[in-house]
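Structure file target-v7.txt; described as compact mmCIF, C-alpha atoms and all ligand atoms.
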```txt
# COMPACT_ATOMS: atom_id res chain seq x y z
CA MET A 1 10.49 -17.05 13.00
CA LYS A 2 8.47 -19.38 10.84
CA LEU A 3 6.11 -17.59 8.48
CA LYS A 4 3.85 -19.04 5.82
CA ILE A 5 3.26 -16.33 3.25
CA ALA A 6 0.55 -16.56 0.60
CA VAL A 7 1.73 -14.92 -2.63
CA LEU A 8 -1.04 -13.49 -4.83
CA SER A 9 0.91 -11.76 -7.54
CA GLY A 10 -2.11 -11.11 -9.78
CA ASP A 11 -2.04 -9.27 -13.08
CA GLY A 12 0.16 -7.09 -15.27
CA VAL A 13 3.40 -6.15 -13.53
CA GLY A 14 2.16 -7.82 -10.30
CA PRO A 15 4.22 -11.00 -10.77
CA GLU A 16 7.50 -9.21 -11.60
CA VAL A 17 7.36 -6.77 -8.67
CA THR A 18 6.20 -9.47 -6.26
CA GLU A 19 9.13 -11.64 -7.31
CA GLN A 20 11.49 -8.89 -6.11
CA ALA A 21 9.64 -8.62 -2.77
CA VAL A 22 9.97 -12.40 -2.32
CA LYS A 23 13.70 -12.08 -3.14
CA ALA A 24 14.06 -9.46 -0.40
CA LEU A 25 12.20 -11.68 2.08
CA ASP A 26 14.37 -14.66 1.10
CA ALA A 27 17.47 -12.55 1.74
CA VAL A 28 16.08 -11.55 5.15
CA ALA A 29 15.32 -15.20 5.95
CA GLU A 30 18.88 -16.15 5.03
CA TYR A 31 20.65 -13.32 6.84
CA PHE A 32 18.54 -13.43 10.00
CA SER A 33 17.93 -17.20 9.98
CA HIS A 34 14.16 -17.24 9.61
CA ASP A 35 12.01 -19.83 7.93
CA PHE A 36 9.74 -18.13 5.38
CA SER A 37 7.75 -20.28 2.95
CA PHE A 38 5.80 -18.94 -0.01
CA HIS A 39 2.49 -20.30 -1.29
CA GLU A 40 1.26 -19.00 -4.62
CA ALA A 41 -2.41 -18.56 -5.46
CA LEU A 42 -4.42 -17.07 -8.32
CA VAL A 43 -6.28 -13.77 -8.21
CA GLY A 44 -7.66 -11.16 -10.61
CA ALA A 45 -7.78 -11.43 -14.39
CA THR A 46 -5.23 -14.24 -14.30
CA ALA A 47 -7.59 -16.21 -12.07
CA ILE A 48 -10.61 -15.40 -14.29
CA HIS A 49 -8.78 -16.73 -17.34
CA LYS A 50 -7.79 -19.95 -15.57
CA THR A 51 -10.81 -20.65 -13.38
CA GLY A 52 -13.63 -18.26 -14.32
CA SER A 53 -13.48 -16.56 -10.91
CA PRO A 54 -11.39 -13.54 -9.82
CA LEU A 55 -11.06 -15.09 -6.36
CA PRO A 56 -11.18 -18.90 -6.50
CA LYS A 57 -12.08 -20.75 -3.31
CA LYS A 58 -8.64 -22.35 -3.36
CA THR A 59 -7.07 -18.89 -3.11
CA ILE A 60 -9.18 -17.98 -0.07
CA ASP A 61 -8.17 -21.28 1.53
CA THR A 62 -4.48 -20.65 0.84
CA CYS A 63 -4.77 -17.17 2.38
CA LYS A 64 -6.54 -18.49 5.46
CA ASN A 65 -3.98 -21.28 5.89
CA CYS A 66 -1.05 -18.87 5.76
CA ASP A 67 0.14 -16.38 8.37
CA THR A 68 -0.03 -13.46 5.99
CA ILE A 69 -0.42 -12.41 2.35
CA LEU A 70 1.80 -10.66 -0.15
CA PHE A 71 -0.28 -9.18 -2.94
CA GLY A 72 0.92 -7.87 -6.32
CA ALA A 73 -1.51 -5.95 -8.50
CA ILE A 74 -4.88 -6.42 -10.11
CA GLY A 75 -6.63 -5.24 -13.27
CA ASP A 76 -6.78 -5.89 -16.98
CA PRO A 77 -7.93 -3.32 -19.57
CA ALA A 78 -9.78 -6.05 -21.47
CA PHE A 79 -12.37 -6.00 -18.68
CA ASP A 80 -12.43 -2.20 -18.30
CA ASN A 81 -13.64 -1.80 -21.84
CA ASP A 82 -16.56 -4.16 -21.46
CA PRO A 83 -19.22 -2.49 -19.27
CA ASN A 84 -21.46 -5.56 -19.52
CA THR A 85 -18.98 -7.98 -18.03
CA LYS A 86 -20.32 -9.76 -14.96
CA VAL A 87 -16.94 -10.68 -13.53
CA TYR A 88 -14.04 -8.29 -13.33
CA PRO A 89 -10.55 -8.59 -11.79
CA GLU A 90 -11.06 -5.94 -9.07
CA GLN A 91 -13.72 -8.15 -7.49
CA GLY A 92 -10.85 -10.48 -6.54
CA LEU A 93 -9.27 -7.86 -4.31
CA LEU A 94 -12.52 -6.37 -3.00
CA ASN A 95 -13.94 -9.78 -2.10
CA LEU A 96 -10.69 -10.83 -0.48
CA ARG A 97 -10.67 -7.69 1.70
CA LYS A 98 -14.25 -8.44 2.73
CA GLU A 99 -13.76 -12.18 3.21
CA LEU A 100 -10.72 -11.66 5.45
CA GLU A 101 -12.21 -8.56 7.12
CA LEU A 102 -9.19 -6.42 6.32
CA PHE A 103 -10.90 -3.33 7.62
CA GLU A 104 -8.01 -0.91 7.61
CA ASN A 105 -5.57 0.07 4.93
CA ILE A 106 -2.43 1.87 6.08
CA ARG A 107 -0.53 3.86 3.48
CA PRO A 108 2.65 5.69 4.46
CA VAL A 109 3.47 8.72 2.31
CA ILE A 110 7.16 9.47 2.73
CA VAL A 111 9.13 11.89 0.60
CA TYR A 112 12.72 10.65 0.47
CA ASN A 113 15.40 13.33 0.32
CA TYR A 114 17.06 11.43 -2.53
CA LEU A 115 13.91 11.80 -4.60
CA LEU A 116 13.14 15.45 -3.89
CA ASN A 117 13.78 16.37 -7.51
CA ASN A 118 11.27 13.75 -8.65
CA SER A 119 8.43 15.31 -6.69
CA PRO A 120 6.19 17.67 -8.66
CA LEU A 121 6.31 19.99 -5.64
CA LYS A 122 9.04 22.52 -4.96
CA PRO A 123 11.70 20.70 -2.89
CA GLU A 124 11.16 23.02 0.09
CA ASN A 125 7.46 22.11 0.16
CA ALA A 126 7.97 18.37 -0.32
CA ARG A 127 10.95 17.88 2.01
CA GLY A 128 10.12 16.13 5.25
CA THR A 129 6.64 14.96 4.22
CA ASN A 130 5.69 11.94 6.30
CA ILE A 131 1.98 11.12 6.40
CA LEU A 132 0.32 7.91 7.54
CA ILE A 133 -3.06 7.38 5.91
CA TYR A 134 -5.63 5.16 7.61
CA ARG A 135 -8.24 4.30 5.00
CA GLU A 136 -11.31 2.28 6.02
CA LEU A 137 -11.40 -0.72 3.69
CA THR A 138 -14.42 -3.00 4.08
CA ALA A 139 -17.42 -0.71 4.31
CA GLY A 140 -18.80 2.55 2.90
CA ILE A 141 -19.81 3.09 -0.69
CA PHE A 142 -17.53 0.32 -1.98
CA PHE A 143 -19.63 -2.30 -0.23
CA GLY A 144 -23.12 -0.76 -0.03
CA SER A 145 -26.07 -1.99 -2.04
CA LYS A 146 -25.91 -0.94 -5.66
CA GLY A 147 -27.98 -1.33 -8.75
CA THR A 148 -29.06 -0.14 -12.15
CA SER A 149 -32.66 0.40 -13.24
CA ASP A 150 -34.19 -1.95 -15.83
CA ASP A 151 -34.01 0.69 -18.52
CA GLY A 152 -30.36 1.26 -17.70
CA LEU A 153 -30.91 4.99 -17.27
CA SER A 154 -30.38 5.28 -13.54
CA ALA A 155 -28.06 3.65 -11.04
CA PHE A 156 -27.19 3.92 -7.37
CA ASP A 157 -24.45 3.06 -4.87
CA ALA A 158 -25.38 3.30 -1.20
CA CYS A 159 -22.90 4.40 1.45
CA THR A 160 -23.36 3.02 4.95
CA TYR A 161 -21.19 3.11 8.06
CA THR A 162 -21.80 1.90 11.59
CA ALA A 163 -20.19 3.51 14.63
CA GLU A 164 -18.44 0.20 15.27
CA GLU A 165 -16.87 0.16 11.81
CA ILE A 166 -15.56 3.66 12.43
CA GLU A 167 -14.36 3.00 15.97
CA ARG A 168 -12.20 -0.04 15.21
CA ILE A 169 -10.07 1.77 12.65
CA ALA A 170 -10.17 5.08 14.54
CA HIS A 171 -8.68 3.48 17.67
CA ASN A 172 -5.73 2.25 15.66
CA ALA A 173 -5.28 5.60 13.93
CA PHE A 174 -5.29 7.39 17.32
CA LYS A 175 -2.70 4.91 18.64
CA ALA A 176 -0.54 5.42 15.57
CA ALA A 177 -0.71 9.19 16.08
CA GLN A 178 0.38 8.73 19.70
CA GLY A 179 3.58 7.12 18.44
CA ARG A 180 4.19 9.91 15.92
CA LYS A 181 3.55 13.66 15.97
CA LYS A 182 0.29 13.23 17.91
CA LYS A 183 -1.95 14.76 15.30
CA LEU A 184 -4.92 13.08 13.69
CA THR A 185 -6.77 14.65 10.77
CA LEU A 186 -10.22 13.26 10.05
CA VAL A 187 -10.97 13.87 6.38
CA ASP A 188 -14.67 13.79 5.51
CA LYS A 189 -17.52 15.57 3.75
CA SER A 190 -19.64 16.20 6.81
CA ASN A 191 -21.09 19.42 5.39
CA VAL A 192 -23.06 17.15 3.03
CA LEU A 193 -22.93 13.46 3.93
CA GLU A 194 -24.75 11.79 6.80
CA THR A 195 -22.10 9.06 7.08
CA SER A 196 -19.43 11.75 7.40
CA ARG A 197 -21.38 13.30 10.27
CA LEU A 198 -21.31 9.92 12.01
CA TRP A 199 -17.52 9.74 11.47
CA ARG A 200 -17.17 13.19 13.09
CA ARG A 201 -19.38 12.44 16.08
CA THR A 202 -17.65 9.12 16.67
CA VAL A 203 -14.11 10.47 16.37
CA ILE A 204 -14.84 13.53 18.52
CA SER A 205 -16.28 11.40 21.29
CA MET A 206 -13.32 8.97 21.09
CA SER A 207 -10.82 11.79 21.26
CA LYS A 208 -11.43 12.07 25.03
CA GLN A 209 -9.65 8.73 25.40
CA TYR A 210 -6.60 10.13 23.59
CA PRO A 211 -6.07 13.53 25.22
CA ASP A 212 -2.48 13.74 23.96
CA VAL A 213 -3.62 13.61 20.32
CA THR A 214 -4.73 16.81 18.58
CA VAL A 215 -7.72 16.13 16.36
CA GLU A 216 -8.15 18.20 13.21
CA LEU A 217 -11.40 17.99 11.25
CA MET A 218 -11.15 18.73 7.56
CA TYR A 219 -13.48 18.56 4.58
CA VAL A 220 -12.09 16.44 1.78
CA ASP A 221 -12.15 19.24 -0.78
CA GLN A 222 -10.00 21.35 1.51
CA ALA A 223 -7.73 18.40 2.31
CA ALA A 224 -7.22 17.70 -1.40
CA ALA A 225 -5.72 21.14 -1.82
CA LYS A 226 -3.78 21.15 1.44
CA ILE A 227 -2.01 17.88 0.63
CA ILE A 228 -0.45 19.66 -2.33
CA LEU A 229 0.06 23.07 -0.72
CA ASN A 230 1.36 21.97 2.66
CA PRO A 231 1.80 18.18 2.95
CA LYS A 232 4.00 18.59 6.01
CA SER A 233 1.04 19.85 8.03
CA PHE A 234 -0.36 16.28 8.11
CA ASP A 235 0.64 13.48 10.45
CA VAL A 236 -2.02 10.73 10.56
CA ILE A 237 -5.00 11.01 8.22
CA LEU A 238 -8.10 8.96 9.04
CA THR A 239 -10.81 8.59 6.44
CA ALA A 240 -13.54 6.51 4.82
CA ASN A 241 -13.01 4.01 2.02
CA LEU A 242 -13.68 6.10 -1.10
CA ILE A 243 -12.14 9.31 0.22
CA GLY A 244 -9.07 7.32 1.30
CA ASP A 245 -8.75 5.84 -2.18
CA PHE A 246 -8.63 9.31 -3.75
CA ILE A 247 -6.56 11.05 -1.09
CA SER A 248 -3.91 8.33 -0.95
CA GLU A 249 -3.58 8.27 -4.71
CA GLU A 250 -3.18 12.04 -4.70
CA ALA A 251 -0.59 11.85 -1.94
CA SER A 252 1.31 9.19 -3.87
CA ALA A 253 2.04 11.76 -6.56
CA LEU A 254 4.06 13.80 -4.07
CA VAL A 255 6.67 11.16 -3.40
CA GLY A 256 7.98 11.19 -6.96
CA SER A 257 6.54 7.91 -8.16
CA LYS A 258 3.49 5.91 -7.24
CA GLY A 259 5.70 2.85 -7.76
CA ILE A 260 7.42 3.27 -4.40
CA MET A 261 4.27 3.41 -2.24
CA ALA A 262 3.57 0.45 0.01
CA SER A 263 0.53 -0.51 2.05
CA ALA A 264 -0.76 -2.83 4.74
CA SER A 265 -4.35 -4.04 4.93
CA LEU A 266 -5.11 -5.36 8.38
CA GLY A 267 -7.95 -7.07 10.19
CA GLU A 268 -8.34 -8.85 13.53
CA LYS A 269 -7.11 -12.11 12.10
CA TYR A 270 -5.52 -11.61 8.71
CA SER A 271 -3.07 -9.25 7.07
CA LEU A 272 -2.20 -8.40 3.48
CA PHE A 273 0.62 -6.28 2.09
CA GLU A 274 0.61 -4.70 -1.35
CA PRO A 275 2.09 -1.85 -3.34
CA ILE A 276 -0.55 0.79 -4.01
CA HIS A 277 0.10 0.89 -7.75
CA GLY A 278 -2.07 -1.01 -10.17
CA SER A 279 -1.26 -3.66 -12.75
CA TYR A 280 0.35 -1.12 -15.15
CA PRO A 281 -0.55 -3.28 -18.18
CA VAL A 282 1.56 -1.43 -20.78
CA ALA A 283 4.69 -2.12 -18.74
CA THR A 284 4.09 -5.85 -18.30
CA ASN A 285 7.23 -7.95 -18.82
CA LYS A 286 9.31 -4.98 -19.90
CA GLY A 287 11.35 -4.87 -16.71
CA ILE A 288 10.46 -1.21 -16.17
CA ALA A 289 8.02 -1.48 -13.26
CA ASN A 290 9.34 -0.09 -9.99
CA PRO A 291 9.55 -2.94 -7.45
CA ILE A 292 10.13 -0.64 -4.46
CA GLY A 293 6.42 -0.40 -3.53
CA ALA A 294 6.26 -4.20 -3.39
CA ILE A 295 9.58 -4.47 -1.54
CA LEU A 296 8.56 -1.85 1.04
CA SER A 297 5.27 -3.72 1.46
CA ALA A 298 7.39 -6.75 2.43
CA ALA A 299 9.09 -4.49 5.02
CA MET A 300 5.65 -3.53 6.38
CA LEU A 301 4.88 -7.25 6.61
CA LEU A 302 7.98 -7.80 8.74
CA ASP A 303 7.13 -4.82 10.96
CA HIS A 304 3.66 -6.28 11.45
CA PHE A 305 5.25 -9.43 12.90
CA ASP A 306 7.50 -7.30 15.13
CA LEU A 307 10.56 -8.10 13.04
CA SER A 308 11.64 -4.47 13.02
CA THR A 309 15.39 -5.08 12.64
CA GLU A 310 14.60 -7.18 9.57
CA ALA A 311 12.17 -4.57 8.23
CA ASN A 312 14.85 -1.93 8.72
CA ALA A 313 17.30 -4.07 6.75
CA ILE A 314 14.93 -3.88 3.78
CA LYS A 315 14.28 -0.16 4.25
CA GLY A 316 18.04 0.47 4.53
CA ALA A 317 18.68 -1.40 1.28
CA VAL A 318 15.91 0.57 -0.46
CA THR A 319 17.38 3.87 0.78
CA LYS A 320 20.81 2.77 -0.42
CA ALA A 321 19.42 2.01 -3.89
CA MET A 322 17.88 5.49 -4.00
CA GLU A 323 21.07 7.10 -2.73
CA LEU A 324 23.05 5.41 -5.53
CA ASN A 325 20.34 6.36 -8.03
CA LEU A 326 19.75 2.69 -8.79
CA THR A 327 16.15 3.01 -9.87
CA THR A 328 13.69 2.17 -12.62
CA PRO A 329 12.87 4.62 -15.47
CA ASP A 330 10.00 6.28 -13.59
CA LEU A 331 12.67 7.84 -11.36
CA ASN A 332 15.75 7.72 -13.53
CA LYS A 333 15.40 8.38 -17.24
CA GLN A 334 19.14 8.65 -17.96
CA LYS A 335 20.43 5.35 -16.67
CA PRO A 336 17.62 3.17 -15.39
CA LEU A 337 17.99 -0.31 -13.95
CA SER A 338 15.53 -3.12 -14.60
CA THR A 339 12.93 -4.32 -12.09
CA GLU A 340 14.92 -7.50 -11.59
CA LYS A 341 18.30 -5.85 -11.10
CA ILE A 342 16.89 -3.53 -8.44
CA GLY A 343 15.56 -6.62 -6.68
CA ASP A 344 18.97 -8.31 -6.98
CA PHE A 345 20.77 -5.28 -5.58
CA ILE A 346 18.41 -4.99 -2.63
CA ALA A 347 18.64 -8.70 -1.81
CA ASP A 348 22.46 -8.52 -2.08
CA TYR A 349 22.62 -5.48 0.17
CA ILE A 350 20.39 -7.09 2.79
CA CYS A 351 22.91 -9.94 3.03
CA ASN A 352 25.93 -7.57 2.91
CA PRO A 353 24.88 -4.51 4.89
CA ASP A 354 28.44 -3.41 5.66
CA LEU A 355 29.28 -2.94 2.03
CA THR A 356 30.61 0.53 1.31
CA ASN A 357 32.37 0.10 -2.04
CA PHE A 358 30.02 -0.59 -4.89
CA ASN A 359 30.95 -1.46 -8.40
CA ILE A 360 28.02 0.26 -10.01
CA GLU A 361 28.90 -1.01 -13.50
CA ASN A 362 28.75 -4.58 -12.22
CA ILE A 363 25.28 -3.92 -10.88
CA TYR A 364 24.17 -2.77 -14.33
CA LEU A 365 25.76 -5.87 -15.82
CA GLY A 366 23.80 -8.00 -13.38
CA GLN A 367 26.92 -9.16 -11.58
CA SER A 368 27.67 -9.20 -7.90
CA THR A 369 27.71 -5.86 -6.12
CA ILE A 370 30.69 -7.01 -4.10
CA ILE A 371 34.04 -5.96 -5.53
C1 LIG A 401 -6.66 0.51 -4.37
C2 LIG A 401 -7.27 0.18 -5.69
C3 LIG A 401 -8.54 -0.63 -5.44
C4 LIG A 401 -9.46 0.23 -4.61
C5 LIG A 401 -9.23 -1.14 -6.70
C6 LIG A 401 -8.29 -1.94 -7.57
C7 LIG A 401 -10.46 -1.92 -6.38
O1 LIG A 401 -7.55 1.35 -6.42
O2 LIG A 401 -6.28 -0.42 -3.65
O3 LIG A 401 -6.55 1.69 -4.04
O4 LIG A 401 -10.12 1.12 -5.15
O5 LIG A 401 -9.50 0.04 -3.40
MN MN A 402 -6.81 3.19 -5.49
```
Would you write out, as C-alpha cells, the structure that this file holds?
Amino acid sequence: MKLKIAVLSGDGVGPEVTEQAVKALDAVAEYFSHDFSFHEALVGATAIHKTGSPLPKKTIDTCKNCDTILFGAIGDPAFDNDPNTKVYPEQGLLNLRKELELFENIRPVIVYNYLLNNSPLKPENARGTNILIYRELTAGIFFGSKGTSDDGLSAFDACTYTAEEIERIAHNAFKAAQGRKKKLTLVDKSNVLETSRLWRRTVISMSKQYPDVTVELMYVDQAAAKIILNPKSFDVILTANLIGDFISEEASALVGSKGIMASASLGEKYSLFEPIHGSYPVATNKGIANPIGAILSAAMLLDHFDLSTEANAIKGAVTKAMELNLTTPDLNKQKPLSTEKIGDFIADYICNPDLTNFNIENIYLGQSTII
C-alpha cells in the first residue's frame, strides 16, 4: 500500500519518540513491501518560534495532502507561565482537531502482564484490564464560547453539544463494543449538567439499534473511583471531551506508564495518531522518553488502514521488548535502554520476527540483535 504520512513531531520529546514510530513504520514498509512516505510539518511551540503560529497554514495543507498524520507531542512551559500570552502551543493541536474534524479520540487502556508490577494497583486488580475509551474531541467545553470580563475578575467557558455530535461518536463506540465484550459505559454528569442529560437521552434512544450491547450509565465521579477499584468492569467507555481528557489520563496511570499509551483521532475524512503523553520538557533530548506510546500509535494507524498483520507485527515487537524488559527508565530503573535503542530493537524485530535468541548485551551496545 502507498501511504503519505504527515509527521508533526511538535515539542519536547515529540521529535525523539516520533522518530522511533517512523523507524517502526519504515521497518513495516520494508518487510511487507509497502510504500510509506513521510512529510514533516511544524506544530506547537516549535512552530510559534519559527513562524509565529502554532498551526501554520502550510502544516494544515500538508496534513490535508497526506493520507494520515503521525503526531508527537505539544507544549512548552515557557508559555504555561505567561497567562497573558495570546498564542500558545496547545492551540496547534486543538485547531488541527477542529480543522480536520477529528471528532473522536480512541484511547486503548491495556495492562500488559509483563508490566503488572509497574501498575500502582495490586496485580490481581490490574491484570486483564482492557478498556477502549471513546472521547468526543471537537465539541463541548473545549470549543464553546469563552471570555474574561474587562476587570479580569470573572471568566466563563460554555459547554454545548448537539445530538448529532453525540450520535456520530456514539455509533462508533456501540460498534466497537459489538466487536468486544458488548458493554458500553456512558460516563457523564447528568445529575447536574444539561449537556450530560442530552448525552444520556441520545445514547439511550440509540441503544435500541444495538440490542446486543449492554449500556451502563455512570456519573463521572463514580467512574473515577471505579476505574481504580475495578478497572476490569469496563469495556468501552463513551464520554464527552473534558471528561474523556480526565478519565483517560487517570486510566493511563493503571498501565504502569503513561508513556506506553497510544491514541487515534478520527473524523470522516482525516485521521491522526499520537501518544497520549505530553511534551515532557525536562526529558527532552535525554533519551529517556518512552517511545512505545508513539510506536503503538503507528500500529493504530496501520489498523486504521486495515493493515492488521502489519499492525500486529509492531504490537508483537513491542510485547517482545516488554517481555525482555527492554524499556526506558519509567519502567525499568535498574537497566534502562534509551529511546533510540528501543526503537532500533523494535524495528529490527519487525524485520526478523522469527528471532528467538537475543544477545541482550549487544542491544545495550546498540549493535544488531541478531547473533
Ligand atoms: C490530550 C491533551 C490535550 C487535550 C491538550 C494538550 C490540549 O491533554 O490530548 O489529552 O486536553 O485534549
Ligand atoms: Mn489530556
Expected selection as an MDAnalysis selection string for ligand MN 402 (chain A) within 8 Å, only C-alpha atoms and all ligand atoms: chainID A and resid 245:246 248:249 276:278
Atomic separation - CA of Ile110 in chain A relative to CA of Asn230 in chain A, Å: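 These two atoms are separated by 13.8 Å.
Closest approach to Thr328 in chain A among A:Gly259, A:Asp306, A:Asp348, A:Glu165: A:Gly259, based on only C-alpha atoms.
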Nearest to Ala311 in chain A, chosen from A:Phe32, A:Asn113, A:Val7, A:Asp80, with all atoms listed in the file counted in the distances: A:Phe32
Residues near Asp303 in chain A, anyone? I mean within 12 Å using only C-alpha atoms, not counting same-chain ones fewer than 3 positions away, as a compact mmCIF listing (two decimals) with C-alpha atoms, in the coordinates of the input.
```
# COMPACT_ATOMS: atom_id res chain seq x y z
CA SER A 263 0.53 -0.51 2.05
CA ALA A 264 -0.76 -2.83 4.74
CA SER A 271 -3.07 -9.25 7.07
CA PHE A 273 0.62 -6.28 2.09
CA LEU A 296 8.56 -1.85 1.04
CA SER A 297 5.27 -3.72 1.46
CA ALA A 298 7.39 -6.75 2.43
CA ALA A 299 9.09 -4.49 5.02
CA MET A 300 5.65 -3.53 6.38
CA ASP A 306 7.50 -7.30 15.13
CA LEU A 307 10.56 -8.10 13.04
CA SER A 308 11.64 -4.47 13.02
CA THR A 309 15.39 -5.08 12.64
CA GLU A 310 14.60 -7.18 9.57
CA ALA A 311 12.17 -4.57 8.23
CA ASN A 312 14.85 -1.93 8.72
CA ALA A 313 17.30 -4.07 6.75
CA ILE A 314 14.93 -3.88 3.78
CA LYS A 315 14.28 -0.16 4.25
```
From A:Ile346, A:Ile363, A:Ile295, A:Leu96, residue lying nearest Ala21 in chain A [all atoms listed in the file]: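 Going through A:Ile346, A:Ile363, A:Ile295, A:Leu96 one by one, the smallest distance to Ala21 in chain A is for A:Ile295.
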Pairwise distance for CA of Ile228 in chain A and CA of Val255 in chain A, rounded to one decimal in Å: 11.1 Å
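Separating CA of Gly343 in chain A from CA of Cys66 in chain A is a distance of 24.1 Å.
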Within 12 Å of Asn191 in chain A, counting all atoms listed in the file, which residues show up once you throw out same-chain ones fewer than 6 positions away? Write them as a PDB file with C-alpha atoms, in the coordinates of the input, please.
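Listing of around-v1.pdb after writing:
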```
ATOM      1  CA  ARG A 197     -21.380  13.300  10.270  1.00  0.00           C
ATOM      2  CA  LEU A 198     -21.310   9.920  12.010  1.00  0.00           C
ATOM      3  CA  TRP A 199     -17.520   9.740  11.470  1.00  0.00           C
ATOM      4  CA  ARG A 200     -17.170  13.190  13.090  1.00  0.00           C
ATOM      5  CA  LEU A 217     -11.400  17.990  11.250  1.00  0.00           C
ATOM      6  CA  MET A 218     -11.150  18.730   7.560  1.00  0.00           C
ATOM      7  CA  TYR A 219     -13.480  18.560   4.580  1.00  0.00           C
ATOM      8  CA  VAL A 220     -12.090  16.440   1.780  1.00  0.00           C
ATOM      9  CA  ASP A 221     -12.150  19.240  -0.780  1.00  0.00           C
ATOM     10  CA  GLN A 222     -10.000  21.350   1.510  1.00  0.00           C
TER      11      GLN A 222
END
```
Nearby residues (all atoms listed in the file) at most 12 Å from Glu124 in chain A, same-chain spacing under 5 positions excluded, as a PyMOL selection string: chain A and resi 111+113+116-117+119+129+229-232
Given all atoms listed in the file as the counted atoms, nearest of A:Pro108, A:Arg97, A:Pro336, A:Lys286 to Val236 in chain A: A:Pro108
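Closest approach to ligand LIG 401 (chain A) from the set A:Gly52, A:Gly75, A:Pro120, A:Gly179 is made by A:Gly75, with distances taken over only C-alpha atoms and all ligand atoms.
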Residue among A:Ala224, A:Leu184, A:Cys63, A:Val318 lying closest to Gly244 in chain A, counting only C-alpha atoms: A:Ala224
Need the axis-aligned box for range 216-228 of chain A with 5 Å each side, so what are the centre and edges in Å to one decimal, as JSON?
```
{"center_x": -7.0, "center_y": 18.9, "center_z": 5.4, "size_x": 23.0, "size_y": 14.9, "size_z": 25.5}
```
Distance query Asp330 in chain A at most 9 Å, all atoms listed in the file, self and fewer than 4 positions along chain excluded, as a ChimeraX atom specification: /A:256-257,259,288-290,336
Contacts of Pro56 in chain A within 8 Å, all atoms listed in the file, excl. fewer than 3 positions in-chain, as a count of residues only: 7
Distance query 6 Å from (-1.2, -11.9, 9.0) using only C-alpha atoms, result as a PyMOL selection string: chain A and resi 67-68+270-271
